[in-house]
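Chemist: What follows is a structure written as structure tokens; I'll ask about it next.
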Amino acid sequence: MKPMPRQVILGVVAGLIVSVWAFPVLWALLTSFKTERDVLAYPPVFVFTPTLANYREVLFGPASILPNLRSSLVVTCSATALTMAFAIPAAYALARLRYPFKRFSGFYVLVTQMLPPVGLVIPYYLALQRLGALDTYSGMITIYLTFSLPFAIWLMVSYFEDVPYEMEEAALLDHAGRWGALWHVVLPQVRGGIAVTTVFVFLNAWNEFMFAVVLGGNTVRPVTVGMFNFISVEQTQWAKVAAGAMVAMAPVILLGLLAQKHIVKGLTVGAVKGGGRR
Amino acid sequence: MNESPVNGPQFDDERRGFLGKAAALGVAGLGSAGWMGAAHAQVSDLAPYTRARINWKQVEGESITVSVIPASYFDNLLELLPQFEVLTGVKVRAEKVPPGQIRQKSMLDLSSKTATYATSATDPMYYPLYVANKWVEPLDKYLNDATLTDAAWYNYNDILKAWRDADSVDGKPYGIPFDGEVTVQVYRKDLYAAKGLKPADTYDQLLANARDLNDPANRVFGLAMRGFAGAGQNMYLYPSLFRGFGGNWFQGKDLVVNSPEAVRALDWYVSALTQFAPPAVRNWNWPDIADAFSQGTLACYLDAHSSAAVINNPEKSKVVGKIAYARWPRGPAGKRVTSIWNWGFPINAALSERAKKATWLFIMWATAAETQARTSWKFAGAAKRSGLNRMSLWKSPEFSSAMQGAGDNFINAALESLEQDTDVEWRPRVPQWPAIGDTMATAIQAALVGQKKSKDALDEAQARIAQIMRS
Amino acid sequence: MAHSPVAVIDTQAQQERRFALALFAPAFVLLLLITTAPLVFLAWNSLQKLDMSMPWLSGFAGLGNYTKMGSDPRFWNSFTLTVIYTSSTVVLQVIIGLSLALLVLQIPRGQALLRVAAILPIVLAPVVVGLFWRTLVLAPDFGLVDLVTRALGLGSHNWLGDPQLALISVIAIHTWQWTPFAFLVLLATLATLPPDVYEAARLDRASAWQRFWHITLPLIRAAVVMVVILRTMTALSAFAAIFAATGGGPGTSTEILNLYAYRTSFTELNIGYGSALAMVLLTLTAFVSWLLFRRRSSPA
């Protein structure tokens with residue numbers, strides 16, 4: 001049995017470190033309930049009369065970010081769904097199967113992940129404009145795919161590689177057929193990986209800023225852009241920005257909480273068991 | 001509304017949820033009085049506009065998109081858009097783009113001739129660039145066209161001359177100023193009175209005042225100016241100092257930024273801020289300065305007069321009623337130099353002829369005396385504009401009474417600055433301005449944070465600028 | 001058997017190929033379509049003299065932009081900063097994440113709460129993180145960090161306004177946001193390690209450090225490498241947070257290559273040179289990834 005004090009010390013140290021992480025977010029949360037006056041108070045106040053005015057303004061005021069939330073939801077959900085639909089099969093092929101030009105195409109997928117957004121904004125703008133797809137959902141979702149898809153493929157490849165090959169072999173010998181093997185045997189094994197990948201793909205898309213601001217407009221205005229409604233040239237309304245940020249974070253946190261179980265399972269990578277690239 | 005791809009039952013649920021909420025909000029919105037009601041009430045009163053002897057409805061049915069930055073002066077205008085639509089039958093879509101991105105978005109649109117934005121709120125320093133590329137229309141064509149402009153009614157010359165000049169290139173107007181500002185001294189009259197100080201008349205007095213009131217131990221600092229690196233941030237105050245020291249941007253045809261006056265001005269700026277400003281000033285933009293002042297941390301600052309709205313906001317400010325304004329102090333060369341900043345509207349040259357006319361009608365409407373008044377003292381909401389574009393409005397009694405709460409000497413200080421202290425050569429008006437502004441801003445901040453000596457920073461900037469101008 | 005063994009294998013191989021292509025092609029074709037054209041356009045632009053503020057100068061420049069880069073001190077500055085920034089933050093993330101994971105493993109009860117707290121920084125949009133840190137946390141006088149350092153007697157500093165401190169600050173911001181990822185992944189991996197291996201080691205009277213170095217580390221190697229790869233790619237393309245926090249300043253002290261390319265293209269409007277910078281960044285990223293991948297594929 002470990003002596004109690006050691007556990008306590010460990011707990012305290014861990015708690016300290018974790019508070020470093022959580023504090024800025026909690027501070028922002030606190031700020032979102034303050035009046036603008038309290039935000040600028042010095043020394044910073046921890047005890048104050050909270051107000052819901054900021055949330056009311058952010059959600060229902062003239063510069064409400066509800067339309068932005070809706071926009072973000074549509075773009076992000078669609079992009080995520082499409083990404084996973086394409087990425088999962090592709091990743092399985094890369095991880096397990098043999099086919100011509102595999103090495104080259106695998107490398108290409110990797111390279112596309114590294115394309116710097118800075119260099120791509122202008123080409124994308126011009127391309128979308130020519131197709132009449134600026135400030136449209138289909139246009140924006142397609143652009144989001146460019147960074148989501150390689151990332152998702154890549155992440156899923158490592159999860160597929162963890163599945164012991166023997167399982168597939170067994171299924172094949174059972175005359176399950178390749179599709180059957182994939183669907184009934186392999187996929188359930190990587191459920192956790194799918195959950196993790198989905199969450200991170202969603203997150204990346206949700207938080208995207210540069211493409212959102214340049215390629216979007218009145219119709220497609222994700223919440224990262226909407227937050228700037230409160231950062232006008234004249235003043236920054238920090239309490240409202242904080243409230244806006246909290247509202248913007250909420251869907252992702254919700255998603256994370258719901259998928260928690262799967263995520264925990266799925267974060268295990270390169271486990272001791274076999275499997276590996278062919 | 002807009003199309004969105006259908007993606008299965010789960011997403012429909014989310015959309016339904018939102019639609020429900022939106023419906024509820026809509027009902028709540030209809031039920032509330034307030035600004036919406038006022039705007040509608042004014043719709044019926046279009047007499048001030050219909051008096052103009054032009055056919056407002058000549059391009060009825062056109063549809064244009066306008067981009068602006070999030071700012072209360074544009075918000076006020078956007079709320080009045082229904083009036084414009086009733087007046088002309090032209091539909092206007094407004095888009096708010098963050099100020100950090102609006103120039104890029106406009107330029108992407110203009111340079112690729114995609115005609116997405118009929119007009120955008122434009123930085124006057126960009127007109128030389130736009131004109132060199134032939135991206136915007138010369139507006140004298142529209143001003144002189146009797147079917148489009150009733151000259152007597154519109155009274156173009158009533159618009160502040162300095163701003164008109166700022167939006168013109170080689171004498172031709174390319175944009176019409178909508179909202180602008182002047183930089184002035186803003187100070188705590190109570191603190192000054194307690195020490196028997198008067199608002200500074202020369203740069204030395206400014207420093208003396210700052211020294212007297214500088215009390216870091218009690219968190220009161222004597223002076224602040226923008227420090228954040230940016231063409232519209234620290235490079236917004238520095239030119240005034242530069243010209244105040246007698247500097248000239250051009251020597252012959254060459255742009256020179258490291259002349260002795262330039263170094264002196266930069267040295268003055270660096271030492272003033274190092275001695276009397278809060279250390280955070282190096283990263284401050286004007287909202288930060290206004291915030292600090294409103295919390296009582298600053299005794300004096302030099303910045304835009306429109307910051308009055310922030311420091312007089314009873315929700316945030318602790319110094320309401322203790323504020324006074326004055327013109328810029330005189331520099332060693334004897335000049336007071338204020339900014340000629342304004343947000344103006346040009347016309348995108350890539351539009352169709354009808355759309356151009358519709359855009360002109362919009363610009364004319366927005367910058368007309370009546371609309372300016374309606375977004376200022378006649379506005380039903382809380383924020384009344386203070387950056388009006390016409391001299392007649394600045395001198396009107398209604399404007400005076402609307403701005404009464406701003407502080408002592410507000411209108412006088414601003415008006416005198418507008419009339420006497422503006423300087424068209426305040427910043428170099430060349431197409432390469434974006435690169436130059438950015439280079440200078442970096443140099444100024446490098447000197448401010450002590451990374452380089454003023455002379456070295458400016459020499460480096462000069463080298464880079466010479467390359468930019470040459471290449 | 002009716003068929004000869006060789007023929008059976010051939011058909012199987014063919015089947016596999018068809019299956020593979022059916023799975024892989026859609027994603028690959030899609031990617032090809034939407035990324036090749038912009039990539040080619042970017043490369044083409046980098047070979048041009050394309051300056052929006054001086055349109056009369058446009059023309060083909062060949063490798064002119066690249067040679068110009070060689071003698072551009074600001075480029076080398078941004079290159080060095082990129083290397084420093086990326087390596088510092090990735091190393092910090094792995095070390096802190098791993099240490100914390102090892103620590104937390106021994107506290108079974110608090111784990112759930114800690115995991116939730118760890119998720120918070122990751123879900124915030126980087127642009128918001130940059131803004132918040134700039135004003136609420138790092139601002140001298142008003143900010144949280146300043147409050148703490150003053151309480152600890154370390155005085156007030158201009159965290160984002162001082163050239164040296166600014167670089168440290170932005171590294172801190174990035175590390176703050178992404179260490180939880182390393183933490184979560186490594187924690188989950190550590191949790192799956194079989195405890196009997198440790199028992200054997202303890203019986204052998206190996207010290208805690210020896211146990212860690214010789215047993216734990218090799219077992220989690222794959223996870224660590226994957227974390228390093230992912231975090232490196234993120235660090236190389238970090239943009240929004242630094243942009244919001246310092247804009248590349250003060251001066252150019254936090255202007256990593258990404259930001260330099262952005263400023264050149266969008267603020268100075270020199271699209272040709274900016275594209276060249278972006279191409280260099282792309283090459284750098286590709287090279288680093290290739291290096292890391294080789295380590296990944298080498299046998300444990």
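The chains in the structure tokens are called A, B, ... from first to last as shown; in each chain the residues are counted from 1, and the ligands are counted from 1 in the order shown.
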With only C-alpha atoms considered, list every residue of chain A at most 10 Å from chain B, as a ChimeraX atom specification.
Modeler: /A:35-42,60-63,66-67,69-71,73-75,77-78,81-82,122,125-126,129-130,132,134,136-138,141,210,213-220,225-237
Chemist: With 7 Å as the limit and counting only C-alpha atoms, what residues in chain C lie close to chain A? Please list them as a PDB file with N, CA and C atoms, in the first residue's frame.
Modeler:
ATOM      1  N   GLU C  16      -8.178  -8.166 -54.502  1.00  0.00           N
ATOM      2  CA  GLU C  16      -7.716  -7.215 -53.499  1.00  0.00           C
ATOM      3  C   GLU C  16      -7.499  -5.845 -54.125  1.00  0.00           C
ATOM      4  N   ARG C  17      -6.890  -5.858 -55.313  1.00  0.00           N
ATOM      5  CA  ARG C  17      -6.608  -4.596 -55.973  1.00  0.00           C
ATOM      6  C   ARG C  17      -7.880  -3.838 -56.264  1.00  0.00           C
ATOM      7  N   ALA C  20      -9.327  -2.534 -53.130  1.00  0.00           N
ATOM      8  CA  ALA C  20      -8.544  -1.413 -52.612  1.00  0.00           C
ATOM      9  C   ALA C  20      -8.852  -0.150 -53.385  1.00  0.00           C
ATOM     10  N   LEU C  21      -8.852  -0.282 -54.716  1.00  0.00           N
ATOM     11  CA  LEU C  21      -9.091   0.913 -55.506  1.00  0.00           C
ATOM     12  C   LEU C  21     -10.483   1.472 -55.258  1.00  0.00           C
ATOM     13  N   LEU C  23     -12.052   1.421 -52.587  1.00  0.00           N
ATOM     14  CA  LEU C  23     -12.053   2.130 -51.313  1.00  0.00           C
ATOM     15  C   LEU C  23     -11.252   3.424 -51.374  1.00  0.00           C
ATOM     16  N   PHE C  24     -10.151   3.343 -52.079  1.00  0.00           N
ATOM     17  CA  PHE C  24      -9.206   4.455 -52.009  1.00  0.00           C
ATOM     18  C   PHE C  24      -9.486   5.558 -53.027  1.00  0.00           C
ATOM     19  N   PRO C  26     -12.091   7.138 -54.397  1.00  0.00           N
ATOM     20  CA  PRO C  26     -12.927   8.339 -54.206  1.00  0.00           C
ATOM     21  C   PRO C  26     -12.187   9.438 -53.465  1.00  0.00           C
ATOM     22  N   ALA C  27     -11.586   9.085 -52.327  1.00  0.00           N
ATOM     23  CA  ALA C  27     -10.895  10.101 -51.552  1.00  0.00           C
ATOM     24  C   ALA C  27      -9.732  10.683 -52.341  1.00  0.00           C
ATOM     25  N   LEU C  31      -9.262  14.554 -53.514  1.00  0.00           N
ATOM     26  CA  LEU C  31      -8.110  15.342 -53.098  1.00  0.00           C
ATOM     27  C   LEU C  31      -7.353  15.889 -54.287  1.00  0.00           C
ATOM     28  N   ILE C  34      -9.187  18.880 -55.750  1.00  0.00           N
ATOM     29  CA  ILE C  34      -9.269  20.144 -55.026  1.00  0.00           C
ATOM     30  C   ILE C  34      -7.948  20.648 -54.496  1.00  0.00           C
ATOM     31  N   THR C  35      -6.901  19.862 -54.604  1.00  0.00           N
ATOM     32  CA  THR C  35      -5.639  20.398 -54.101  1.00  0.00           C
ATOM     33  C   THR C  35      -4.577  20.589 -55.164  1.00  0.00           C
ATOM     34  N   PRO C  38      -4.843  24.319 -56.980  1.00  0.00           N
ATOM     35  CA  PRO C  38      -4.293  25.413 -56.172  1.00  0.00           C
ATOM     36  C   PRO C  38      -2.787  25.267 -55.973  1.00  0.00           C
ATOM     37  N   PHE C  41      -1.129  26.408 -59.028  1.00  0.00           N
ATOM     38  CA  PHE C  41      -1.286  27.858 -59.104  1.00  0.00           C
ATOM     39  C   PHE C  41      -0.312  28.547 -58.175  1.00  0.00           C
ATOM     40  N   LEU C  42      -0.181  28.017 -56.971  1.00  0.00           N
ATOM     41  CA  LEU C  42       0.735  28.587 -55.992  1.00  0.00           C
ATOM     42  C   LEU C  42       2.161  28.547 -56.515  1.00  0.00           C
ATOM     43  N   LEU C 103       2.167  10.921 -13.944  1.00  0.00           N
ATOM     44  CA  LEU C 103       1.709  11.359 -12.642  1.00  0.00           C
ATOM     45  C   LEU C 103       0.268  10.932 -12.398  1.00  0.00           C
ATOM     46  N   VAL C 104      -0.561  11.257 -13.384  1.00  0.00           N
ATOM     47  CA  VAL C 104      -1.989  11.035 -13.220  1.00  0.00           C
ATOM     48  C   VAL C 104      -2.330   9.558 -13.151  1.00  0.00           C
ATOM     49  N   ILE C 107      -3.038   8.300  -9.827  1.00  0.00           N
ATOM     50  CA  ILE C 107      -4.158   8.830  -9.060  1.00  0.00           C
ATOM     51  C   ILE C 107      -5.437   8.422  -9.763  1.00  0.00           C
ATOM     52  N   LEU C 114      -9.612  15.398 -14.382  1.00  0.00           N
ATOM     53  CA  LEU C 114      -8.434  15.939 -15.050  1.00  0.00           C
ATOM     54  C   LEU C 114      -8.572  15.846 -16.554  1.00  0.00           C
ATOM     55  N   ALA C 117     -10.786  18.638 -17.746  1.00  0.00           N
ATOM     56  CA  ALA C 117     -10.067  19.921 -17.714  1.00  0.00           C
ATOM     57  C   ALA C 117      -9.088  20.000 -18.862  1.00  0.00           C
ATOM     58  N   ALA C 118      -8.499  18.878 -19.204  1.00  0.00           N
ATOM     59  CA  ALA C 118      -7.500  18.887 -20.261  1.00  0.00           C
ATOM     60  C   ALA C 118      -8.129  19.185 -21.613  1.00  0.00           C
ATOM     61  N   LEU C 120     -10.404  21.293 -22.307  1.00  0.00           N
ATOM     62  CA  LEU C 120     -10.798  22.689 -22.497  1.00  0.00           C
ATOM     63  C   LEU C 120      -9.900  23.500 -23.420  1.00  0.00           C
ATOM     64  N   PRO C 121      -8.581  23.487 -23.241  1.00  0.00           N
ATOM     65  CA  PRO C 121      -7.788  24.329 -24.143  1.00  0.00           C
ATOM     66  C   PRO C 121      -7.887  23.903 -25.593  1.00  0.00           C
ATOM     67  N   VAL C 123     -10.360  22.754 -27.289  1.00  0.00           N
ATOM     68  CA  VAL C 123     -11.562  23.072 -28.034  1.00  0.00           C
ATOM     69  C   VAL C 123     -11.710  24.557 -28.329  1.00  0.00           C
ATOM     70  N   LEU C 124     -10.925  25.383 -27.673  1.00  0.00           N
ATOM     71  CA  LEU C 124     -11.029  26.811 -27.962  1.00  0.00           C
ATOM     72  C   LEU C 124     -10.440  27.104 -29.328  1.00  0.00           C
ATOM     73  N   ALA C 125     -11.078  27.999 -30.057  1.00  0.00           N
ATOM     74  CA  ALA C 125     -10.538  28.376 -31.361  1.00  0.00           C
ATOM     75  C   ALA C 125      -9.216  29.117 -31.164  1.00  0.00           C
ATOM     76  N   PHE C 142      -2.927  44.556 -16.210  1.00  0.00           N
ATOM     77  CA  PHE C 142      -4.291  44.049 -16.115  1.00  0.00           C
ATOM     78  C   PHE C 142      -4.379  42.539 -16.146  1.00  0.00           C
ATOM     79  N   TRP C 176       0.453  25.687 -24.200  1.00  0.00           N
ATOM     80  CA  TRP C 176      -0.710  25.599 -23.334  1.00  0.00           C
ATOM     81  C   TRP C 176      -1.882  24.962 -24.051  1.00  0.00           C
ATOM     82  N   VAL C 185      -3.435  11.463 -25.122  1.00  0.00           N
ATOM     83  CA  VAL C 185      -3.016  10.302 -25.909  1.00  0.00           C
ATOM     84  C   VAL C 185      -2.075   9.415 -25.108  1.00  0.00           C
ATOM     85  N   ALA C 188      -3.847   7.606 -22.238  1.00  0.00           N
ATOM     86  CA  ALA C 188      -4.616   6.454 -22.705  1.00  0.00           C
ATOM     87  C   ALA C 188      -3.698   5.293 -23.068  1.00  0.00           C
ATOM     88  N   THR C 189      -2.577   5.594 -23.698  1.00  0.00           N
ATOM     89  CA  THR C 189      -1.659   4.527 -24.086  1.00  0.00           C
ATOM     90  C   THR C 189      -1.049   3.866 -22.860  1.00  0.00           C
ATOM     91  N   LEU C 219       7.647   0.863 -25.057  1.00  0.00           N
ATOM     92  CA  LEU C 219       6.294   0.389 -25.311  1.00  0.00           C
ATOM     93  C   LEU C 219       5.406   1.494 -25.862  1.00  0.00           C
ATOM     94  N   ALA C 222       5.498   4.239 -30.237  1.00  0.00           N
ATOM     95  CA  ALA C 222       4.663   4.549 -31.405  1.00  0.00           C
ATOM     96  C   ALA C 222       3.759   5.728 -31.098  1.00  0.00           C
ATOM     97  N   ALA C 223       3.210   5.719 -29.890  1.00  0.00           N
ATOM     98  CA  ALA C 223       2.316   6.814 -29.532  1.00  0.00           C
ATOM     99  C   ALA C 223       3.074   8.134 -29.481  1.00  0.00           C
ATOM    100  N   SER C 237       2.149  25.021 -38.944  1.00  0.00           N
ATOM    101  CA  SER C 237       1.120  25.801 -39.623  1.00  0.00           C
ATOM    102  C   SER C 237       0.375  26.714 -38.680  1.00  0.00           C
ATOM    103  N   ASN C 258       5.143  31.292 -41.590  1.00  0.00           N
ATOM    104  CA  ASN C 258       3.727  31.354 -41.933  1.00  0.00           C
ATOM    105  C   ASN C 258       3.230  32.803 -41.951  1.00  0.00           C
ATOM    106  N   ALA C 261       4.820  34.986 -44.688  1.00  0.00           N
ATOM    107  CA  ALA C 261       4.179  34.776 -45.984  1.00  0.00           C
ATOM    108  C   ALA C 261       2.846  35.516 -46.044  1.00  0.00           C
ATOM    109  N   TYR C 262       2.088  35.453 -44.957  1.00  0.00           N
ATOM    110  CA  TYR C 262       0.792  36.130 -44.924  1.00  0.00           C
ATOM    111  C   TYR C 262       0.978  37.635 -45.078  1.00  0.00           C
ATOM    112  N   SER C 275       4.007  33.917 -52.402  1.00  0.00           N
ATOM    113  CA  SER C 275       3.799  32.535 -52.827  1.00  0.00           C
ATOM    114  C   SER C 275       5.094  31.740 -52.717  1.00  0.00           C
ATOM    115  N   ALA C 278       5.516  30.749 -49.245  1.00  0.00           N
ATOM    116  CA  ALA C 278       4.619  29.646 -48.904  1.00  0.00           C
ATOM    117  C   ALA C 278       5.160  28.318 -49.435  1.00  0.00           C
ATOM    118  N   LEU C 282       6.041  24.981 -47.364  1.00  0.00           N
ATOM    119  CA  LEU C 282       5.524  23.673 -47.743  1.00  0.00           C
ATOM    120  C   LEU C 282       6.657  22.662 -47.832  1.00  0.00           C
ATOM    121  N   THR C 285       7.880  21.775 -44.359  1.00  0.00           N
ATOM    122  CA  THR C 285       6.955  20.866 -43.686  1.00  0.00           C
ATOM    123  C   THR C 285       7.088  19.463 -44.242  1.00  0.00           C
ATOM    124  N   ALA C 286       7.159  19.356 -45.555  1.00  0.00           N
ATOM    125  CA  ALA C 286       7.261  18.035 -46.165  1.00  0.00           C
ATOM    126  C   ALA C 286       8.537  17.335 -45.703  1.00  0.00           C
TER     127      ALA C 286
END
Chemist: Would you work out the distance separating atom CA of C:Pro73 from atom CA of C:Leu131, expressed in Å to one decimal?
Modeler: 28.8 Å
Chemist: Enumerate the residues of stretch 114-195 of chain A with a DSSP assignment of alpha helix (DSSP H), computed from the backbone, and present them as JSON, numbers by chain.
Modeler: {"A": [117, 118, 119, 120, 121, 122, 123, 124, 125, 126, 127, 128, 129, 130, 137, 138, 139, 140, 141, 142, 143, 144, 145, 146, 147, 148, 149, 150, 151, 152, 153, 154, 155, 156, 157, 158, 159, 160, 161, 162, 165, 166, 167, 168, 169, 170, 171, 172, 173, 177, 178, 179, 180, 187, 188, 189, 191, 192, 193, 194, 195]}
Chemist: B:Lys453: which residues within 12 Å, counting only C-alpha atoms, same-chain residues fewer than 6 positions away excluded, as JSON, numbers by chain?
Modeler: {"B": [263, 264, 266, 267, 270, 271, 443, 444, 445, 446, 447, 459, 460]}
Chemist: List the spatial neighbours of B:Asn389 as a ChimeraX atom specification - criterion: any atom at most 12 Å away, only C-alpha atoms, same-chain residues fewer than 6 positions off excluded.
Modeler: /B:73,155-164,176-182,340-344,366-373,375-376,395,415,418
Chemist: Include N, CA and C atoms and write out the residues we just selected as a JSON list (two decimals), in the first residue's frame.
Modeler:
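File out.json, as written:
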[["chain", "number", "residue", "atom", "x", "y", "z"],
["B", 73, "TYR", "N", -20.85, 53.48, -36.16],
["B", 73, "TYR", "CA", -21.29, 54.42, -37.18],
["B", 73, "TYR", "C", -21.83, 53.73, -38.42],
["B", 155, "ASN", "N", -24.79, 69.19, -52.52],
["B", 155, "ASN", "CA", -23.78, 70.09, -51.97],
["B", 155, "ASN", "C", -22.48, 69.35, -51.62],
["B", 156, "TYR", "N", -21.82, 68.89, -52.65],
["B", 156, "TYR", "CA", -20.58, 68.13, -52.45],
["B", 156, "TYR", "C", -19.55, 68.94, -51.69],
["B", 157, "ASN", "N", -19.48, 70.23, -51.91],
["B", 157, "ASN", "CA", -18.45, 71.03, -51.27],
["B", 157, "ASN", "C", -18.69, 71.24, -49.79],
["B", 158, "ASP", "N", -19.85, 70.82, -49.31],
["B", 158, "ASP", "CA", -20.12, 70.93, -47.88],
["B", 158, "ASP", "C", -19.34, 69.85, -47.12],
["B", 159, "ILE", "N", -18.98, 68.81, -47.83],
["B", 159, "ILE", "CA", -18.22, 67.74, -47.18],
["B", 159, "ILE", "C", -16.83, 68.28, -46.86],
["B", 160, "LEU", "N", -16.34, 67.89, -45.69],
["B", 160, "LEU", "CA", -15.08, 68.44, -45.21],
["B", 160, "LEU", "C", -13.97, 68.32, -46.25],
["B", 161, "LYS", "N", -13.33, 69.47, -46.52],
["B", 161, "LYS", "CA", -12.37, 69.52, -47.61],
["B", 161, "LYS", "C", -11.20, 68.54, -47.41],
["B", 162, "ALA", "N", -10.70, 68.50, -46.19],
["B", 162, "ALA", "CA", -9.56, 67.62, -45.96],
["B", 162, "ALA", "C", -9.90, 66.18, -46.31],
["B", 163, "TRP", "N", -11.11, 65.77, -45.97],
["B", 163, "TRP", "CA", -11.49, 64.39, -46.24],
["B", 163, "TRP", "C", -11.74, 64.18, -47.72],
["B", 164, "ARG", "N", -12.34, 65.16, -48.35],
["B", 164, "ARG", "CA", -12.55, 65.06, -49.79],
["B", 164, "ARG", "C", -11.22, 64.88, -50.50],
["B", 176, "ILE", "N", -16.23, 58.86, -51.66],
["B", 176, "ILE", "CA", -16.91, 59.92, -50.91],
["B", 176, "ILE", "C", -16.82, 59.57, -49.43],
["B", 177, "PRO", "N", -16.30, 60.48, -48.61],
["B", 177, "PRO", "CA", -16.17, 60.20, -47.18],
["B", 177, "PRO", "C", -17.51, 60.00, -46.53],
["B", 178, "PHE", "N", -17.59, 58.99, -45.71],
["B", 178, "PHE", "CA", -18.83, 58.75, -44.98],
["B", 178, "PHE", "C", -18.68, 59.15, -43.51],
["B", 179, "ASP", "N", -17.63, 58.65, -42.90],
["B", 179, "ASP", "CA", -17.42, 58.93, -41.47],
["B", 179, "ASP", "C", -15.93, 59.14, -41.28],
["B", 180, "GLY", "N", -15.56, 60.11, -40.48],
["B", 180, "GLY", "CA", -14.14, 60.33, -40.30],
["B", 180, "GLY", "C", -13.82, 60.75, -38.89],
["B", 181, "GLU", "N", -12.56, 61.11, -38.70],
["B", 181, "GLU", "CA", -12.16, 61.50, -37.36],
["B", 181, "GLU", "C", -10.95, 62.43, -37.43],
["B", 182, "VAL", "N", -10.72, 63.08, -36.34],
["B", 182, "VAL", "CA", -9.49, 63.86, -36.18],
["B", 182, "VAL", "C", -8.83, 63.38, -34.90],
["B", 340, "ILE", "N", -6.24, 62.80, -41.22],
["B", 340, "ILE", "CA", -7.35, 63.07, -42.14],
["B", 340, "ILE", "C", -8.07, 61.78, -42.43],
["B", 341, "TRP", "N", -8.15, 60.97, -41.45],
["B", 341, "TRP", "CA", -8.73, 59.66, -41.65],
["B", 341, "TRP", "C", -10.24, 59.75, -41.91],
["B", 342, "ASN", "N", -10.70, 58.95, -42.87],
["B", 342, "ASN", "CA", -12.14, 58.77, -43.01],
["B", 342, "ASN", "C", -12.40, 57.43, -43.68],
["B", 343, "TRP", "N", -13.56, 56.92, -43.46],
["B", 343, "TRP", "CA", -14.00, 55.75, -44.21],
["B", 343, "TRP", "C", -14.88, 56.28, -45.34],
["B", 344, "GLY", "N", -14.47, 55.96, -46.56],
["B", 344, "GLY", "CA", -15.25, 56.45, -47.68],
["B", 344, "GLY", "C", -15.73, 55.30, -48.54],
["B", 366, "ALA", "N", -26.05, 57.78, -48.50],
["B", 366, "ALA", "CA", -25.36, 57.61, -47.22],
["B", 366, "ALA", "C", -24.62, 58.87, -46.79],
["B", 367, "THR", "N", -24.09, 59.60, -47.78],
["B", 367, "THR", "CA", -23.29, 60.76, -47.41],
["B", 367, "THR", "C", -24.07, 62.07, -47.47],
["B", 368, "ALA", "N", -25.38, 61.99, -47.72],
["B", 368, "ALA", "CA", -26.20, 63.19, -47.77],
["B", 368, "ALA", "C", -26.42, 63.72, -46.36],
["B", 369, "ALA", "N", -26.65, 65.04, -46.29],
["B", 369, "ALA", "CA", -26.78, 65.68, -44.99],
["B", 369, "ALA", "C", -27.87, 65.04, -44.15],
["B", 370, "GLU", "N", -28.99, 64.73, -44.77],
["B", 370, "GLU", "CA", -30.11, 64.18, -44.02],
["B", 370, "GLU", "C", -29.77, 62.84, -43.39],
["B", 371, "THR", "N", -29.11, 61.97, -44.16],
["B", 371, "THR", "CA", -28.77, 60.66, -43.62],
["B", 371, "THR", "C", -27.73, 60.79, -42.52],
["B", 372, "GLN", "N", -26.78, 61.70, -42.73],
["B", 372, "GLN", "CA", -25.78, 61.90, -41.69],
["B", 372, "GLN", "C", -26.45, 62.31, -40.39],
["B", 373, "ALA", "N", -27.42, 63.20, -40.52],
["B", 373, "ALA", "CA", -28.13, 63.61, -39.32],
["B", 373, "ALA", "C", -28.92, 62.46, -38.71],
["B", 375, "THR", "N", -28.24, 59.43, -38.70],
["B", 375, "THR", "CA", -27.41, 58.45, -37.99],
["B", 375, "THR", "C", -26.75, 59.08, -36.78],
["B", 376, "SER", "N", -26.95, 60.35, -36.62],
["B", 376, "SER", "CA", -26.34, 61.01, -35.47],
["B", 376, "SER", "C", -27.42, 61.44, -34.48],
["B", 395, "LYS", "N", -21.33, 72.38, -37.56],
["B", 395, "LYS", "CA", -21.60, 73.70, -36.96],
["B", 395, "LYS", "C", -23.05, 73.84, -36.50],
["B", 415, "LEU", "N", -13.42, 70.70, -34.39],
["B", 415, "LEU", "CA", -13.70, 71.55, -35.54],
["B", 415, "LEU", "C", -12.46, 72.36, -35.94],
["B", 418, "LEU", "N", -10.10, 70.21, -37.61],
["B", 418, "LEU", "CA", -10.53, 69.92, -38.98],
["B", 418, "LEU", "C", -10.24, 71.07, -39.91]]
